[in-house]
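S.K.: Handing you this structure, nothing more for now.
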Amino acid sequence: MLKKIILFVCLIGASVSFAQTEDTVEIDPSKPTNLYTQINTLGELNAYDGFNTYGTRINFQYAFNPDNLVLAEVPLLYNDATSKFGLSDIRVRYFRAVKRNISKSIIAIAPFADITIPTGSAQNGLGSDTWSIAAGAVVGIVLNEKLSLFPGANYVYLTASKESGLGLQTNMSLKFNKRTFMFVNPMVTFFDFETVWQGELNLNYIVTPSKFKVNLGWVPNFTYDINTIRIGATFFI
């Protein structure tokens, strides 16, 4: 069933993507503050202490215009400890670039709102059983043709524990050539009673400019000893 879902989503995305006209303006997805309409399909493995979840994560992004984007992320996972498959927690995000090209180096200031909805069953090991509500901003800084930085800060609130925290990131975009780039993003969140250290490595390769790319990612949570591996494809619409 899971393989059929992944195949179905990929076929839909491919048919939409390659139906574009040949005169599409070439885009640059190596900068997170560049906002594009796209469909991302990801195969995912989450390795916890004593059990794993795996499945697919479907990410829809719609850019109303170059400065406004809404994201909806729908994960479908299987827990090998509970033998349960189903919907995990859905994420919704709104991203807006309020300032662009402020100087030669600062290319954007972009506030965002981010909500994770507890749609997954915590009893089946598929959900967190808490709302996560965050708001913050990212700044785009271009150092040279190969290296850009996208540092950000956000306030986050968890409804179940009633904890709030301050999150910080230093997202680096390393551009190896016109088609290959990597995101390196150390992250830390200072909650009321604990500090959570995380990171992300995401290698991307553009197969067809402005239409199709593939990626491989590792997302470790060092505090809780959780490792997430994702491999996926992005179809630009």
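Numbering starts fresh at 1 for the residues of each chain in the structure tokens, the chains themselves are lettered A, B, ... in the order given, and ligands are numbered from 1 as they appear.
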So that I can check the surroundings of Pro66 of chain A, please list as an MDAnalysis selection string every protein, DNA and RNA residue that reaches within 8 Å of it, counting only C-alpha atoms and ignoring chain neighbours fewer than 2 positions away.

M.R.: chainID A and resid 34:36 63:64 68:69

S.K.: Quick one: residues within 12 Å of Phe95 of chain A, only C-alpha atoms counted, chain neighbours fewer than 2 positions away excluded, as a PyMOL selection string?

M.R.: chain A and resi 32-36+61-72+92-93+97-98+108-115+134-138

S.K.: Using only C-alpha atoms, can you tell me which of A:Phe51, A:Tyr157, A:Tyr224, A:Trp218 comes closest to Phe191 of chain A?

M.R.: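 Among the listed residues, A:Tyr157 lies closest to Phe191 of chain A.
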
S.K.: Skipping near chain neighbours, those fewer than 5 positions away, what residues fall within 7 Å of segment 170-185 of chain A using only C-alpha atoms, listed as a list of chain:residue names?

M.R.: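 Residues near the query, excluding close chain neighbours: A:Ser30, A:Lys31, A:Lys146, A:Leu147, A:Ser148, A:Leu149, A:Phe150, A:Pro151, A:Gly152, A:Gly199, A:Glu200, A:Leu201, A:Asn202, A:Leu203, A:Asn204, A:Tyr205, A:Ile206.
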
S.K.: Using atom CA of Ile229 of chain A and atom CA of Glu44 of chain A as the two end points, give the distance in Å to one decimal.

M.R.: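 Value for the atom CA of Ile229 of chain A-atom CA of Glu44 of chain A distance: 5.8 Å.
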
S.K.: In segment 52-130 of chain A, what's strand (DSSP E or B) per DSSP? Answer as a PyMOL selection string?

M.R.: chain A and resi 52-65+68-79+84-87+90-96+99-100+106-117
